$ cat data.cif   # mmCIF, C-alpha atoms
data_model
loop_
_atom_site.label_atom_id
_atom_site.label_comp_id
_atom_site.auth_asym_id
_atom_site.auth_seq_id
_atom_site.Cartn_x
_atom_site.Cartn_y
_atom_site.Cartn_z
CA MET F 1 13.46 6.69 1.93
CA LEU F 2 11.72 5.41 -1.18
CA ALA F 3 12.34 2.51 -3.54
CA GLN F 4 12.63 1.94 -7.26
CA THR F 5 11.18 -1.05 -9.10
CA ALA F 6 13.42 -3.87 -10.32
CA ASP F 7 13.34 -7.48 -11.47
CA PRO F 8 14.37 -10.21 -8.99
CA PHE F 9 18.12 -10.79 -8.69
CA ASP F 10 20.76 -12.41 -6.48
CA SER F 11 23.43 -10.35 -4.72
CA ASP F 12 25.37 -10.70 -1.49
CA GLU F 13 25.34 -6.89 -1.27
CA TYR F 14 21.59 -6.87 -0.67
CA CYS F 15 19.24 -8.13 2.01
CA PHE F 16 15.80 -9.36 0.94
CA GLU F 17 12.62 -9.13 3.00
CA PRO F 18 8.85 -9.29 2.40
CA LYS F 19 7.11 -6.41 0.69
CA TRP F 20 4.53 -5.65 3.33
CA ASP F 21 1.26 -4.48 1.75
CA GLY F 22 0.20 -1.86 4.27
CA MET F 23 0.50 1.79 5.25
CA ARG F 24 4.05 3.11 5.54
CA CYS F 25 4.52 4.91 8.85
CA ILE F 26 7.31 6.44 10.87
CA ALA F 27 6.90 5.55 14.55
CA TYR F 28 8.23 7.94 17.19
CA THR F 29 8.49 6.01 20.46
CA GLN F 30 9.25 6.77 24.08
CA PRO F 31 8.21 4.69 27.09
CA GLY F 32 4.42 4.96 27.18
CA LYS F 33 4.28 7.42 24.27
CA LEU F 34 3.77 6.78 20.55
CA GLU F 35 3.31 9.00 17.51
CA LEU F 36 2.64 7.59 14.05
CA GLN F 37 3.22 9.68 10.92
CA ASN F 38 2.08 8.43 7.50
CA ARG F 39 3.63 9.17 4.10
CA ASN F 40 1.54 12.32 3.78
CA LEU F 41 3.21 13.57 7.01
CA LYS F 42 -0.14 13.30 8.80
CA ILE F 43 -0.24 12.14 12.42
CA VAL F 44 -2.53 9.09 12.50
CA THR F 45 -1.85 7.71 16.00
CA ASP F 46 -5.41 8.06 17.27
CA SER F 47 -6.79 5.93 14.42
CA TYR F 48 -4.81 2.92 15.71
CA PRO F 49 -5.22 2.84 19.52
CA GLU F 50 -4.06 -0.78 19.75
CA LEU F 51 -0.61 0.21 18.49
CA LYS F 52 0.03 2.42 21.51
CA THR F 53 1.03 -0.77 23.34
CA ILE F 54 4.10 -1.28 21.13
CA THR F 55 6.13 1.16 23.25
CA ASP F 56 6.20 -1.55 25.94
CA HIS F 57 8.19 -3.70 23.50
CA VAL F 58 10.75 -1.12 22.30
CA LYS F 59 13.67 -1.14 24.75
CA SER F 60 14.92 2.43 24.50
CA ARG F 61 14.54 5.89 25.98
CA SER F 62 13.59 7.18 22.53
CA ALA F 63 13.55 5.67 19.06
CA ILE F 64 12.31 6.47 15.57
CA LEU F 65 11.29 3.40 13.60
CA ASP F 66 10.39 3.00 9.95
CA GLY F 67 7.86 0.33 9.06
CA GLU F 68 4.42 -0.64 7.85
CA VAL F 69 1.05 -0.74 9.58
CA VAL F 70 -0.68 -3.90 8.35
CA VAL F 71 -3.69 -6.04 9.07
CA LEU F 72 -2.60 -9.66 9.17
CA GLU F 73 -5.04 -12.32 7.99
CA ASN F 74 -3.75 -15.87 8.37
CA GLY F 75 -0.26 -14.43 8.68
CA LEU F 76 -0.44 -12.38 5.48
CA PRO F 77 -1.09 -8.65 5.09
CA SER F 78 -4.57 -7.76 3.81
CA PHE F 79 -4.73 -4.30 2.28
CA ASP F 80 -8.48 -4.68 1.75
CA LEU F 81 -9.03 -5.08 5.50
CA LEU F 82 -6.59 -2.29 6.30
CA GLN F 83 -8.59 0.16 4.21
CA ASN F 84 -11.36 -0.07 6.81
CA ARG F 85 -9.00 1.59 9.28
CA PHE F 86 -8.01 4.57 7.12
CA GLY F 87 -9.10 8.04 8.15
CA VAL F 88 -11.12 7.03 11.23
CA ALA F 89 -11.53 10.19 13.31
CA SER F 90 -14.00 8.99 15.96
CA PRO F 91 -12.20 7.60 19.05
CA LEU F 92 -15.12 5.25 19.72
CA GLN F 93 -15.06 3.89 16.16
CA ALA F 94 -11.29 3.53 16.29
CA ARG F 95 -11.52 1.46 19.48
CA MET F 96 -14.24 -0.75 18.01
CA LEU F 97 -12.24 -1.33 14.83
CA SER F 98 -9.09 -2.03 16.84
CA ARG F 99 -10.85 -5.06 18.32
CA LYS F 100 -12.56 -6.15 15.11
CA ILE F 101 -9.71 -5.48 12.65
CA PRO F 102 -6.51 -5.18 14.73
CA THR F 103 -3.36 -3.84 13.14
CA THR F 104 0.31 -4.70 13.60
CA TYR F 105 3.34 -2.46 13.14
CA ILE F 106 6.12 -4.24 11.27
CA ALA F 107 9.43 -2.47 11.87
CA PHE F 108 12.19 -2.71 9.26
CA ASP F 109 14.50 0.23 9.97
CA LEU F 110 15.82 2.38 12.82
CA LEU F 111 16.46 6.09 12.20
CA HIS F 112 17.15 7.37 15.71
CA LEU F 113 18.06 5.81 19.04
CA ASN F 114 18.40 7.43 22.47
CA GLY F 115 19.20 10.92 21.21
CA LYS F 116 21.41 9.87 18.29
CA ASP F 117 20.40 9.98 14.62
CA LEU F 118 21.33 6.83 12.68
CA VAL F 119 20.50 7.88 9.10
CA ASP F 120 24.21 8.17 8.25
CA GLN F 121 24.93 4.65 9.46
CA LEU F 122 24.89 1.59 7.22
CA LEU F 123 21.62 -0.31 6.90
CA SER F 124 23.32 -3.43 8.28
CA ASP F 125 24.27 -1.49 11.44
CA ARG F 126 20.82 0.07 11.77
CA ARG F 127 19.14 -3.32 11.43
CA ARG F 128 21.45 -4.88 14.00
CA GLN F 129 20.55 -2.19 16.55
CA LEU F 130 16.86 -2.48 15.67
CA ALA F 131 16.89 -6.21 16.40
CA LYS F 132 18.35 -5.53 19.86
CA ILE F 133 15.56 -3.19 20.97
CA ILE F 134 12.49 -4.89 19.43
CA THR F 135 10.53 -7.62 21.19
CA ASP F 136 7.82 -9.21 19.06
CA SER F 137 4.28 -8.79 20.38
CA PRO F 138 0.74 -9.06 18.95
CA HIS F 139 1.01 -5.53 17.58
CA LEU F 140 4.75 -5.23 16.89
CA LEU F 141 6.93 -7.43 14.71
CA LEU F 142 10.48 -7.21 13.41
CA SER F 143 10.69 -7.75 9.64
CA GLN F 144 13.05 -10.65 8.94
CA TYR F 145 15.41 -10.84 5.96
CA VAL F 146 17.93 -13.01 4.12
CA ILE F 147 21.17 -12.11 2.35
CA GLY F 148 21.96 -12.86 -1.26
CA SER F 149 19.28 -15.27 -2.50
CA GLY F 150 16.86 -12.73 -3.95
CA ILE F 151 15.41 -14.80 -6.81
CA SER F 152 14.41 -17.82 -4.74
CA TYR F 153 13.24 -15.56 -1.92
CA PHE F 154 11.00 -13.64 -4.33
CA LYS F 155 9.51 -16.85 -5.77
CA ASN F 156 8.76 -18.21 -2.31
CA ALA F 157 7.21 -14.90 -1.26
CA LEU F 158 4.78 -15.14 -4.18
CA LYS F 159 3.95 -18.76 -3.33
CA LEU F 160 3.06 -17.70 0.19
CA GLY F 161 0.71 -15.05 -1.17
CA LEU F 162 2.85 -11.98 -0.56
CA GLU F 163 2.89 -9.10 -3.05
CA GLY F 164 6.61 -9.44 -3.62
CA ALA F 165 9.88 -8.63 -1.90
CA MET F 166 12.14 -5.70 -1.06
CA ALA F 167 15.86 -5.64 -1.84
CA LYS F 168 17.98 -3.26 0.23
CA ARG F 169 21.70 -2.66 -0.12
CA SER F 170 23.29 -3.59 3.22
CA ALA F 171 25.87 -0.78 2.94
CA SER F 172 23.31 1.94 2.11
CA LEU F 173 22.60 5.02 4.19
CA TYR F 174 19.05 6.20 4.89
CA GLN F 175 18.32 8.76 2.17
CA ILE F 176 15.37 10.82 3.39
CA GLY F 177 12.82 11.60 0.69
CA THR F 178 14.92 9.94 -2.03
CA ARG F 179 13.87 7.17 -4.42
CA SER F 180 17.08 5.22 -4.65
CA GLU F 181 18.47 2.08 -6.30
CA ASP F 182 19.71 1.16 -2.83
CA TRP F 183 16.10 0.13 -2.07
CA LEU F 184 14.30 -1.87 -4.75
CA LYS F 185 10.75 -3.22 -5.04
CA LEU F 186 10.57 -6.69 -6.57
CA LYS F 187 7.02 -7.30 -7.78
CA GLN F 188 5.34 -9.62 -10.22
CA VAL F 189 2.54 -7.32 -11.21
CA LYS F 190 1.39 -6.65 -14.74
CA THR F 191 -0.11 -3.27 -15.60
CA VAL F 192 -2.79 -2.19 -18.05
CA ASP F 193 -4.23 1.22 -18.93
CA CYS F 194 -7.99 1.31 -18.37
CA VAL F 195 -10.75 3.80 -19.03
CA ILE F 196 -12.50 5.01 -15.88
CA ALA F 197 -16.16 4.46 -16.78
CA GLY F 198 -17.65 5.24 -13.38
CA TYR F 199 -17.26 4.85 -9.64
CA THR F 200 -19.18 3.30 -6.78
CA VAL F 201 -20.66 5.35 -3.98
CA GLY F 202 -18.28 5.47 -1.02
CA THR F 203 -19.21 4.70 2.57
CA GLY F 204 -17.57 5.23 5.94
CA ALA F 205 -14.15 6.84 5.63
CA ARG F 206 -14.77 7.14 1.88
CA SER F 207 -18.23 8.69 2.05
CA ALA F 208 -16.83 11.94 0.59
CA THR F 209 -15.11 10.21 -2.32
CA PHE F 210 -15.75 6.76 -3.80
CA GLY F 211 -15.47 3.08 -2.99
CA ALA F 212 -14.06 1.79 -6.26
CA LEU F 213 -13.43 2.82 -9.85
CA VAL F 214 -15.30 0.99 -12.60
CA LEU F 215 -12.75 -0.04 -15.24
CA ALA F 216 -13.22 -0.70 -18.94
CA ALA F 217 -11.41 -0.89 -22.27
CA TYR F 218 -12.50 -0.90 -25.91
CA ASN F 219 -12.80 -4.10 -27.90
CA LYS F 220 -12.00 -4.39 -31.61
CA GLN F 221 -15.49 -3.14 -32.46
CA GLY F 222 -14.97 0.05 -30.45
CA VAL F 223 -17.33 -0.98 -27.63
CA LEU F 224 -16.39 -0.50 -23.99
CA LYS F 225 -16.13 -3.73 -22.03
CA HIS F 226 -16.09 -3.98 -18.24
CA LEU F 227 -12.73 -5.20 -16.86
CA GLY F 228 -13.61 -5.08 -13.17
CA ASN F 229 -13.48 -2.57 -10.32
CA VAL F 230 -10.53 -1.31 -8.32
CA GLY F 231 -10.74 -0.08 -4.73
CA THR F 232 -7.15 -0.41 -3.51
CA GLY F 233 -3.93 1.50 -4.07
CA PHE F 234 -5.26 4.99 -3.35
CA THR F 235 -3.81 7.54 -0.97
CA ASP F 236 -6.20 9.80 0.94
CA ALA F 237 -5.06 12.74 -1.13
CA GLY F 238 -5.38 10.70 -4.32
CA LEU F 239 -9.01 9.82 -3.57
CA PHE F 240 -9.98 13.48 -3.36
CA ARG F 241 -7.93 14.41 -6.40
CA ILE F 242 -9.59 11.74 -8.54
CA MET F 243 -13.03 12.62 -7.19
CA LYS F 244 -12.51 16.24 -8.17
CA LEU F 245 -11.73 15.14 -11.73
CA LEU F 246 -14.68 12.75 -11.91
CA LYS F 247 -17.46 15.05 -10.72
CA PRO F 248 -17.64 17.20 -13.89
CA LEU F 249 -17.77 14.02 -16.00
CA ARG F 250 -20.87 12.49 -14.38
CA VAL F 251 -23.60 11.31 -16.74
CA ARG F 252 -27.01 9.69 -16.25
CA SER F 253 -26.71 6.94 -18.83
CA GLU F 254 -24.52 3.84 -18.55
CA SER F 255 -21.04 4.27 -20.01
CA VAL F 256 -20.55 0.50 -20.38
CA PRO F 257 -23.26 -1.56 -22.09
CA GLY F 258 -24.44 -4.83 -20.61
CA GLU F 259 -24.36 -6.11 -17.03
CA VAL F 260 -21.76 -4.53 -14.79
CA LYS F 261 -21.30 -6.03 -11.33
CA ALA F 262 -20.13 -3.74 -8.56
CA PRO F 263 -20.23 -3.81 -4.73
CA ALA F 264 -22.33 -0.61 -4.55
CA MET F 265 -24.36 1.75 -6.68
CA ILE F 266 -22.46 3.03 -9.73
CA ILE F 267 -22.18 6.67 -10.72
CA TRP F 268 -21.34 6.71 -14.43
CA VAL F 269 -18.94 9.20 -15.99
CA LYS F 270 -17.87 10.13 -19.48
CA PRO F 271 -15.11 7.66 -20.42
CA GLU F 272 -12.31 10.22 -20.65
CA LEU F 273 -9.91 9.55 -17.77
CA VAL F 274 -7.30 6.79 -17.94
CA ALA F 275 -5.80 4.90 -14.99
CA GLU F 276 -2.84 2.55 -14.91
CA ILE F 277 -3.89 -0.57 -13.03
CA GLY F 278 -1.66 -3.30 -11.65
CA TYR F 279 -3.03 -6.86 -11.65
CA MET F 280 -1.88 -10.45 -11.26
CA THR F 281 -3.74 -12.18 -14.11
CA MET F 282 -6.82 -11.79 -16.29
CA THR F 283 -9.63 -14.27 -15.71
CA THR F 284 -11.31 -16.26 -18.47
CA ASP F 285 -14.22 -13.80 -18.50
CA LYS F 286 -11.80 -10.91 -19.12
CA LYS F 287 -11.73 -9.44 -15.61
CA LEU F 288 -8.60 -8.22 -13.83
CA ARG F 289 -7.60 -10.38 -10.87
CA LEU F 290 -6.34 -8.53 -7.77
CA PRO F 291 -6.42 -5.09 -9.43
CA ARG F 292 -4.64 -2.22 -7.71
CA PHE F 293 -4.63 1.43 -8.70
CA GLU F 294 -1.15 2.61 -9.68
CA ARG F 295 -1.63 6.12 -11.08
CA LEU F 296 -3.66 8.35 -13.37
CA ARG F 297 -2.45 8.53 -16.97
CA LEU F 298 -3.37 12.10 -17.87
CA ASP F 299 -0.94 11.77 -20.76
CA LYS F 300 -2.96 9.02 -22.45
CA LEU F 301 -6.21 9.10 -24.44
CA ALA F 302 -9.10 6.86 -23.49
CA ALA F 303 -9.34 5.71 -27.11
CA ASP F 304 -5.91 4.09 -26.75
CA CYS F 305 -7.20 1.69 -24.07
CA VAL F 306 -7.92 -1.32 -26.25
CA ILE F 307 -8.32 -4.96 -25.19
#
$ encode --input "data.cif" --output "structure tokens"
Amino acid sequence: MLAQTADPFDSDEYCFEPKWDGMRCIAYTQPGKLELQNRNLKIVTDSYPELKTITDHVKSRSAILDGEVVVLENGLPSFDLLQNRFGVASPLQARMLSRKIPTTYIAFDLLHLNGKDLVDQLLSDRRRQLAKIITDSPHLLLSQYVIGSGISYFKNALKLGLEGAMAKRSASLYQIGTRSEDWLKLKQVKTVDCVIAGYTVGTGARSATFGALVLAAYNKQGVLKHLGNVGTGFTDAGLFRIMKLLKPLRVRSESVPGEVKAPAMIIWVKPELVAEIGYMTMTTDKKLRLPRFERLRLDKLAADCVI
């Protein structure tokens, strides 16, 4: 079940919970057995060996949970740290990372319990049953929520450093594969269309693609200015798709004049592709703070990206 975007609101028909910045996963659990499936329907269990212990804290013969795999840093999800865990195929590397950058599965819905599908039950009933079978542990947490006070909840979530909040209609059914108004994302993120001027060389799980995109926009004089680099917000499939589009555009000369700071070597490209980037604020030196890739804008010309 997917969510639409909305502005914060109050309603006793909705429950409000944190928007966990992680990797959405369905968890299939039986005593001593776990299978994790990501949004691309790929089984990723072996990349997160520490999560196999969560079956000891799910009191059921069989259950299917919906939730997020996150890396918690000082109690808050860190998507930057989580990216280090994506696509790890080596069992040895996965075990090492599980000790260095441990993950936690945060459960927020229950789709199946002991041989019975629950998708046609109300969210309020599903959540009540979920709370009965989940015991919090270092690698498993139950997402908590409040009823009604969405605006104040959202503001407090931002103060704590969370990305935003989720609003879910208590009387909603679980609509598989549907983006519904019954689930709403409440975010305070501005967006800007940027020219992709280059990319940094990827390492580790991203050695076949890139580490970050180099972003720019034109000033009033028609000169490209560096707005920062973005390395978050990509799906595995999206990384390869973007890389395929960037390769034919590679050039030897710099696409952006002046000093451009980046965490790794830059491969420059013709400034033709446009990306929509979410960000919190713009710094005094005209750089995007907390940028996050939202989507490619193949319908927009690079020349239209003006500061």
$ resolve_selection --input "data.cif" --expression "the PyMOL selection byres ((chain F and resi 112) around 12)" --output "ChimeraX atom specification"
/F:26-30,60-66,109-111,113-121,126-127,129-130,133,174
$ residues_around --input "data.cif" --residues "range 138-151 of chain F" --least-positions-apart "3" --cutoff "7 Å" --atoms "only C-alpha atoms" --output "CSV table (one decimal) with C-alpha atoms, keeping the file's coordinate frame"
chain,number,residue,atom,x,y,z
F,8,PRO,CA,14.4,-10.2,-9.0
F,9,PHE,CA,18.1,-10.8,-8.7
F,10,ASP,CA,20.8,-12.4,-6.5
F,11,SER,CA,23.4,-10.4,-4.7
F,12,ASP,CA,25.4,-10.7,-1.5
F,13,GLU,CA,25.3,-6.9,-1.3
F,14,TYR,CA,21.6,-6.9,-0.7
F,15,CYS,CA,19.2,-8.1,2.0
F,16,PHE,CA,15.8,-9.4,0.9
F,17,GLU,CA,12.6,-9.1,3.0
F,51,LEU,CA,-0.6,0.2,18.5
F,54,ILE,CA,4.1,-1.3,21.1
F,103,THR,CA,-3.4,-3.8,13.1
F,104,THR,CA,0.3,-4.7,13.6
F,105,TYR,CA,3.3,-2.5,13.1
F,106,ILE,CA,6.1,-4.2,11.3
F,107,ALA,CA,9.4,-2.5,11.9
F,108,PHE,CA,12.2,-2.7,9.3
F,134,ILE,CA,12.5,-4.9,19.4
F,154,PHE,CA,11.0,-13.6,-4.3
F,155,LYS,CA,9.5,-16.8,-5.8
$ axis_aligned_box --input "data.cif" --around "range 187-192 of chain F" --padding-each-side "3 Å" --output "JSON"
{"center_x": 2.1, "center_y": -5.9, "center_z": -12.9, "size_x": 15.8, "size_y": 13.4, "size_z": 16.3}
$ residues_around --input "data.cif" --residues "Gly211 in chain F" --least-positions-apart "6" --cutoff "6 Å" --atoms "only C-alpha atoms" --output "list in words"
Thr200, Val201, Gly202 and Gly231 of chain F
$ resolve_selection --input "data.cif" --expression "the PyMOL selection byres ((chain F and resi 52) around 10)" --output "list in words"
Thr29, Gly32, Lys33, Leu34, Glu35, Leu36, Thr45, Asp46, Tyr48, Pro49, Glu50, Leu51, Thr53, Ile54, Thr55, Asp56 and His139 of chain F
$ resolve_selection --input "data.cif" --expression "the PyMOL selection byres ((chain F and resi 94) around 8)" --output "list in words"
Asp46, Ser47, Tyr48, Pro49, Arg85, Val88, Ala89, Ser90, Pro91, Leu92, Gln93, Arg95, Met96, Leu97 and Ser98 of chain F
$ residues_around --input "data.cif" --residues "range 261-268 of chain F" --least-positions-apart "2" --cutoff "8 Å" --atoms "all atoms listed in the file" --output "list of chain:residue names"
F:Ala197, F:Gly198, F:Tyr199, F:Thr200, F:Val201, F:Gly211, F:Val214, F:Gly228, F:Asn229, F:Arg250, F:Val251, F:Arg252, F:Ser253, F:Glu254, F:Ser255, F:Glu259, F:Lys270
$ atom_distance --input "data.cif" --atom1 "CA of Gln37 in chain F" --atom2 "CA of Leu213 in chain F"
27.5 Å
$ closest_residue --input "data.cif" --among "F:Gly164, F:Thr178, F:Leu173, F:Thr235" --to "Arg24 in chain F" --atoms "all atoms listed in the file"
F:Thr235
$ closest_residue --input "data.cif" --among "F:Lys185, F:Arg241, F:His226, F:Arg99" --to "Thr209 in chain F" --atoms "all atoms listed in the file"
F:Arg241
$ residues_around --input "data.cif" --residues "Glu272 in chain F" --least-positions-apart "4" --cutoff "9 Å" --atoms "only C-alpha atoms" --output "list in words"
Val195, Ile196, Ala197, Leu249, Leu301, Ala302 and Ala303 of chain F
$ decode --input "data.cif" --residues "range 49-147 of chain F" --atoms "C-alpha atoms" --output "CSV table (one decimal), in the first residue's frame"
chain,number,residue,atom,x,y,z
F,49,PRO,CA,21.6,-11.0,9.1
F,50,GLU,CA,21.0,-9.2,12.4
F,51,LEU,CA,17.3,-9.0,11.6
F,52,LYS,CA,16.9,-12.8,11.6
F,53,THR,CA,16.6,-12.5,15.4
F,54,ILE,CA,13.3,-10.6,15.2
F,55,THR,CA,11.4,-13.8,14.8
F,56,ASP,CA,12.1,-14.5,18.5
F,57,HIS,CA,10.0,-11.4,19.3
F,58,VAL,CA,7.0,-12.0,17.0
F,59,LYS,CA,4.5,-14.2,19.0
F,60,SER,CA,2.8,-16.1,16.2
F,61,ARG,CA,3.0,-19.3,14.1
F,62,SER,CA,3.2,-17.1,11.0
F,63,ALA,CA,2.9,-13.4,10.3
F,64,ILE,CA,3.4,-11.0,7.5
F,65,LEU,CA,4.5,-7.5,8.7
F,66,ASP,CA,4.8,-4.3,6.8
F,67,GLY,CA,7.5,-1.9,8.0
F,68,GLU,CA,10.8,-0.1,7.4
F,69,VAL,CA,14.3,-1.3,7.8
F,70,VAL,CA,16.2,1.7,9.3
F,71,VAL,CA,19.6,2.5,10.8
F,72,LEU,CA,19.0,4.4,14.0
F,73,GLU,CA,21.5,7.0,15.0
F,74,ASN,CA,20.8,8.7,18.4
F,75,GLY,CA,17.3,7.4,18.1
F,76,LEU,CA,16.6,8.9,14.6
F,77,PRO,CA,16.7,7.1,11.3
F,78,SER,CA,19.8,7.8,9.1
F,79,PHE,CA,19.3,7.1,5.5
F,80,ASP,CA,22.9,8.0,4.7
F,81,LEU,CA,24.1,5.2,7.0
F,82,LEU,CA,21.5,2.8,5.7
F,83,GLN,CA,22.8,3.2,2.1
F,84,ASN,CA,25.9,1.4,3.2
F,85,ARG,CA,23.8,-1.7,3.7
F,86,PHE,CA,22.1,-1.7,0.3
F,87,GLY,CA,22.9,-4.5,-2.2
F,88,VAL,CA,25.5,-6.3,-0.1
F,89,ALA,CA,25.9,-9.8,-1.5
F,90,SER,CA,28.9,-11.1,0.4
F,91,PRO,CA,27.8,-13.0,3.6
F,92,LEU,CA,31.0,-12.0,5.3
F,93,GLN,CA,30.6,-8.3,4.4
F,94,ALA,CA,27.0,-8.4,5.5
F,95,ARG,CA,28.0,-9.8,8.9
F,96,MET,CA,30.7,-7.2,9.4
F,97,LEU,CA,28.3,-4.4,8.5
F,98,SER,CA,25.6,-5.8,10.8
F,99,ARG,CA,28.0,-5.2,13.7
F,100,LYS,CA,29.3,-1.8,12.5
F,101,ILE,CA,26.0,-0.4,11.1
F,102,PRO,CA,23.2,-2.5,12.7
F,103,THR,CA,19.6,-2.1,11.4
F,104,THR,CA,16.2,-2.2,13.0
F,105,TYR,CA,12.9,-3.3,11.6
F,106,ILE,CA,10.1,-0.9,12.5
F,107,ALA,CA,6.8,-2.7,12.1
F,108,PHE,CA,3.7,-0.5,11.4
F,109,ASP,CA,1.1,-3.0,9.9
F,110,LEU,CA,0.0,-6.6,10.0
F,111,LEU,CA,-1.2,-8.2,6.8
F,112,HIS,CA,-1.4,-11.9,7.8
F,113,LEU,CA,-1.6,-13.8,11.1
F,114,ASN,CA,-1.6,-17.5,11.7
F,115,GLY,CA,-3.0,-18.5,8.4
F,116,LYS,CA,-5.5,-15.7,8.0
F,117,ASP,CA,-5.1,-12.7,5.7
F,118,LEU,CA,-6.0,-9.4,7.4
F,119,VAL,CA,-5.9,-7.0,4.4
F,120,ASP,CA,-9.7,-6.7,4.4
F,121,GLN,CA,-9.7,-5.7,8.1
F,122,LEU,CA,-9.7,-2.1,9.3
F,123,LEU,CA,-6.3,-0.6,10.0
F,124,SER,CA,-7.3,0.0,13.7
F,125,ASP,CA,-8.0,-3.8,14.0
F,126,ARG,CA,-4.7,-4.7,12.3
F,127,ARG,CA,-2.7,-2.4,14.5
F,128,ARG,CA,-4.3,-3.7,17.6
F,129,GLN,CA,-3.4,-7.3,16.7
F,130,LEU,CA,0.1,-6.2,15.7
F,131,ALA,CA,0.7,-4.7,19.1
F,132,LYS,CA,-0.3,-8.0,20.8
F,133,ILE,CA,2.3,-10.1,18.9
F,134,ILE,CA,5.3,-7.6,18.8
F,135,THR,CA,7.9,-7.4,21.6
F,136,ASP,CA,10.4,-4.6,21.2
F,137,SER,CA,14.0,-5.7,20.9
F,138,PRO,CA,17.3,-4.1,19.6
F,139,HIS,CA,16.3,-5.0,16.0
F,140,LEU,CA,12.5,-4.9,16.2
F,141,LEU,CA,10.3,-2.0,17.2
F,142,LEU,CA,6.6,-1.3,17.0
F,143,SER,CA,5.8,2.1,15.4
F,144,GLN,CA,3.8,4.2,17.8
F,145,TYR,CA,1.0,6.6,16.8
F,146,VAL,CA,-1.5,9.2,18.1
F,147,ILE,CA,-5.0,9.9,17.0
